[in-house]
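Scroll down for the structure; my scribbles are underneath it.
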Amino acid sequence: MKNNRFNAASVFFIIIALGFASCTISYKFNGSSIDYTKTKTLAISDFPNTAELIYPPLAQEFSEKLRDTYTKQTRLKLLKKGGDMNIEGEIVGYVLTPMAIAADSYSAETKLTITIKVRFSNNKNPEDDFEKTYSAYQTFDSSRMLSDVQDELMKIMITEIADNIYNDTVAKW
C-alpha cells in the first residue's frame, strides 16, 4: 500500500516538474517580429485615392489608421519617407455592389468594398519586400442611405486592412 502512494506521489511530482521544464514557448501578442537592433524606422506615405468613386475622408483616415497601428504596436520611429522599412500605395477601389435581390426585384442589401494597393520594402531584409492588394467589405441594408452608414463601415474596413498590412509586414502571421 505504501509503495502505491509513493509511486503515485512520485509520478505526480515528475509530471509537474516536466510541465514546468517544458514551458518555454513564448508568444508575443503585440505581434511584431522586428529586430530593433537593425530596424529603427518606418516610413508610411500618404495613400492617395485613385478610385473611380471617391469618398474624400477615406485617404486621410486610412493613412492615419495605418500609422496608428504601427505606433501602438511597435517601437519604430515613424517617418514620411526614407525609413528602414517603407509602406506606400494607393486606394484603388471604393465600390458599391447590389446584393441579395428581394422579391420586388430590388436589392435588399448593398456591399461596400474598399481596395488598397500596397508596396512594402524592407531595406534591412529585402527578401521581405512585396506588392499586394488588400480588400475589405461590409454589407448594409439597401433601405439605408450610403451617407448614413459609410463612416461607420469605413472605420471597420480600414481597421481590417491596416491589421492585415501590419500582420504581413512585421507580425509574420
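Letters A, B, ... mark the chains of the C-alpha cells in the order given; residue numbers begin at 1 per chain; ligand numbers begin at 1, in order shown.
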
Original post:
Which residues, written as a list in words, have at least one atom at most 9 Å from Gly93 of chain A, with only C-alpha atoms counted and residues fewer than 3 positions away on the same chain left out?
Top reply: Asn49, Thr50, Ala51, Glu52, Leu53, Ile54, Thr113, Ile114, Thr115, Ile116 and Ser135 of chain A

Subject >> Surrounding residues of segment 76-78 of chain A excluding itself and chain neighbours under 4 positions, 8 Å, only C-alpha atoms, as a ChimeraX atom specification >> reply: /A:36,39-44,67,70-71,83

The selected residues should be written to file as a PDB file, in the first residue's frame (atoms: N, CA and C atoms).
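Output file result_17.pdb is given in full below:
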ATOM      1  N   TYR A  36      14.851  45.151 -33.379  1.00  0.00           N
ATOM      2  CA  TYR A  36      15.032  46.587 -33.151  1.00  0.00           C
ATOM      3  C   TYR A  36      16.495  47.011 -33.138  1.00  0.00           C
ATOM      4  N   THR A  39      16.408  47.437 -37.204  1.00  0.00           N
ATOM      5  CA  THR A  39      15.320  48.213 -37.784  1.00  0.00           C
ATOM      6  C   THR A  39      14.796  49.196 -36.750  1.00  0.00           C
ATOM      7  N   LYS A  40      14.933  50.481 -37.068  1.00  0.00           N
ATOM      8  CA  LYS A  40      14.543  51.513 -36.108  1.00  0.00           C
ATOM      9  C   LYS A  40      13.459  52.446 -36.630  1.00  0.00           C
ATOM     10  N   THR A  41      13.290  52.509 -37.954  1.00  0.00           N
ATOM     11  CA  THR A  41      12.354  53.477 -38.515  1.00  0.00           C
ATOM     12  C   THR A  41      11.422  52.834 -39.544  1.00  0.00           C
ATOM     13  N   LEU A  42      10.267  53.449 -39.684  1.00  0.00           N
ATOM     14  CA  LEU A  42       9.277  53.019 -40.668  1.00  0.00           C
ATOM     15  C   LEU A  42       8.702  54.263 -41.326  1.00  0.00           C
ATOM     16  N   ALA A  43       8.712  54.276 -42.636  1.00  0.00           N
ATOM     17  CA  ALA A  43       8.112  55.387 -43.378  1.00  0.00           C
ATOM     18  C   ALA A  43       6.786  54.925 -43.963  1.00  0.00           C
ATOM     19  N   ILE A  44       5.733  55.658 -43.666  1.00  0.00           N
ATOM     20  CA  ILE A  44       4.420  55.377 -44.239  1.00  0.00           C
ATOM     21  C   ILE A  44       3.984  56.612 -45.008  1.00  0.00           C
ATOM     22  N   ARG A  67      -0.795  54.381 -39.662  1.00  0.00           N
ATOM     23  CA  ARG A  67       0.266  54.908 -38.799  1.00  0.00           C
ATOM     24  C   ARG A  67      -0.012  54.581 -37.329  1.00  0.00           C
ATOM     25  N   TYR A  70       0.912  50.943 -36.289  1.00  0.00           N
ATOM     26  CA  TYR A  70       2.334  50.705 -36.048  1.00  0.00           C
ATOM     27  C   TYR A  70       2.820  51.442 -34.811  1.00  0.00           C
ATOM     28  N   THR A  71       2.309  52.632 -34.567  1.00  0.00           N
ATOM     29  CA  THR A  71       2.713  53.396 -33.385  1.00  0.00           C
ATOM     30  C   THR A  71       2.331  52.669 -32.104  1.00  0.00           C
ATOM     31  N   GLY A  83      12.603  55.377 -44.525  1.00  0.00           N
ATOM     32  CA  GLY A  83      12.768  54.555 -43.331  1.00  0.00           C
ATOM     33  C   GLY A  83      13.509  53.262 -43.615  1.00  0.00           C
TER      34      GLY A  83
END

**OP:** Identify, with DSSP run on backbone atoms, the residues in segment 11-156 of chain A assigned to helix (DSSP H, G or I), and express the list as an MDAnalysis selection string.
**Re:** chainID A and resid 11:21 57:73 126:128 146:156

Assign secondary structure with DSSP using the backbone only, and return the residues of segment 63-106 of chain A in strand (DSSP E or B) as an mmCIF file with C-alpha atoms, in the first residue's frame.
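Just written: selection-v2.cif:
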data_model
loop_
_atom_site.group_PDB
_atom_site.id
_atom_site.type_symbol
_atom_site.label_atom_id
_atom_site.label_comp_id
_atom_site.auth_asym_id
_atom_site.auth_seq_id
_atom_site.Cartn_x
_atom_site.Cartn_y
_atom_site.Cartn_z
ATOM 1 C CA LYS A 77 10.035 55.764 -35.229
ATOM 2 C CA LEU A 78 7.589 56.872 -37.943
ATOM 3 C CA LEU A 79 8.834 58.932 -40.877
ATOM 4 C CA MET A 85 11.024 49.854 -43.816
ATOM 5 C CA ASN A 86 8.664 51.687 -46.178
ATOM 6 C CA ILE A 87 4.957 51.346 -46.890
ATOM 7 C CA GLU A 88 3.293 53.164 -49.751
ATOM 8 C CA GLY A 89 0.376 52.671 -52.052
ATOM 9 C CA GLU A 90 -2.976 53.987 -53.152
ATOM 10 C CA ILE A 91 -6.663 53.428 -52.662
ATOM 11 C CA VAL A 92 -7.777 51.858 -55.927
ATOM 12 C CA GLY A 93 -11.348 50.865 -55.179
ATOM 13 C CA TYR A 94 -14.406 52.160 -53.354
ATOM 14 C CA VAL A 95 -17.233 50.160 -54.875
ATOM 15 C CA LEU A 96 -20.926 49.659 -54.172
ATOM 16 C CA THR A 97 -22.417 46.354 -55.305
ATOM 17 C CA PRO A 98 -26.106 45.383 -55.062
ATOM 18 C CA MET A 99 -26.574 42.079 -53.248
ATOM 19 C CA ALA A 100 -29.445 39.812 -52.161
ATOM 20 C CA ILE A 101 -32.225 40.697 -54.575
#

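Among A:Thr159, A:Ser143, A:Asn167, A:Thr37, the residue with the shortest atom-to-atom distance to Ser63 of chain A, counting only C-alpha atoms, is A:Thr159.
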
Subject >> Pick from A:Glu109, A:Glu64, A:Asp128, A:Asp46, whichever lies nearest to Ala171 of chain A using only C-alpha atoms >> reply: A:Asp128

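For the set A:Lys80, A:Lys38, A:Lys155, A:Arg75, the residue with the smallest atom-to-atom gap to Leu58 of chain A is A:Lys155, counting only C-alpha atoms.
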
**OP:** For Thr69 of chain A, list every protein, DNA or RNA residue within 10 Å, evaluated using only C-alpha atoms, and leave out those in the same chain fewer than 5 positions away; present the list as a list in words.
**Re:**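 Selected residues are Glu64, Thr74, Thr159, Ala162, Asp163, Ile165 and Tyr166 of chain A.
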
Write out the residues from the selection above, keeping N, CA and C atoms, as a PDB file, in the first residue's frame.
ATOM      1  N   GLU A  64      -3.866  57.592 -41.561  1.00  0.00           N
ATOM      2  CA  GLU A  64      -3.709  57.792 -40.117  1.00  0.00           C
ATOM      3  C   GLU A  64      -3.923  56.488 -39.344  1.00  0.00           C
ATOM      4  N   THR A  74       4.409  48.867 -32.128  1.00  0.00           N
ATOM      5  CA  THR A  74       5.860  48.726 -32.303  1.00  0.00           C
ATOM      6  C   THR A  74       6.575  49.894 -31.632  1.00  0.00           C
ATOM      7  N   THR A 159      -9.739  49.455 -40.504  1.00  0.00           N
ATOM      8  CA  THR A 159      -9.096  48.753 -39.395  1.00  0.00           C
ATOM      9  C   THR A 159      -8.690  47.351 -39.835  1.00  0.00           C
ATOM     10  N   ALA A 162      -5.712  47.681 -42.301  1.00  0.00           N
ATOM     11  CA  ALA A 162      -4.497  48.094 -41.584  1.00  0.00           C
ATOM     12  C   ALA A 162      -3.932  46.926 -40.781  1.00  0.00           C
ATOM     13  N   ASP A 163      -4.801  46.164 -40.119  1.00  0.00           N
ATOM     14  CA  ASP A 163      -4.338  44.996 -39.356  1.00  0.00           C
ATOM     15  C   ASP A 163      -3.723  43.944 -40.271  1.00  0.00           C
ATOM     16  N   ILE A 165      -2.248  44.476 -43.178  1.00  0.00           N
ATOM     17  CA  ILE A 165      -0.950  45.001 -43.632  1.00  0.00           C
ATOM     18  C   ILE A 165       0.083  44.828 -42.524  1.00  0.00           C
ATOM     19  N   TYR A 166      -0.288  45.171 -41.310  1.00  0.00           N
ATOM     20  CA  TYR A 166       0.615  45.005 -40.164  1.00  0.00           C
ATOM     21  C   TYR A 166       1.051  43.543 -40.035  1.00  0.00           C
TER      22      TYR A 166
END

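Restricting the calculation to only C-alpha atoms, the smallest distance between Asp168 of chain A and any of A:Asp35, A:Asp129, A:Glu61, A:Asp68 is found for A:Asp129.
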
Subject >> Counting only C-alpha atoms, the option among A:Phe62, A:Phe130, A:Phe47, A:Tyr55 closest to Leu112 of chain A >> reply: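 Ranking A:Phe62, A:Phe130, A:Phe47, A:Tyr55 by distance to Leu112 of chain A, first place goes to A:Tyr55.
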
Subject >> Selected residue, from A:Ser33, A:Lys65, A:Thr169, A:Pro48, that lies nearest to Pro126 of chain A when counting only C-alpha atoms >> reply: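 So, comparing all the options, the nearest one is A:Thr169.
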
**OP:** Can you work out the spacing between atom CA of Glu131 of chain A and atom CA of Gln150 of chain A in Å, to one decimal?
**Re:** 27.4 Å
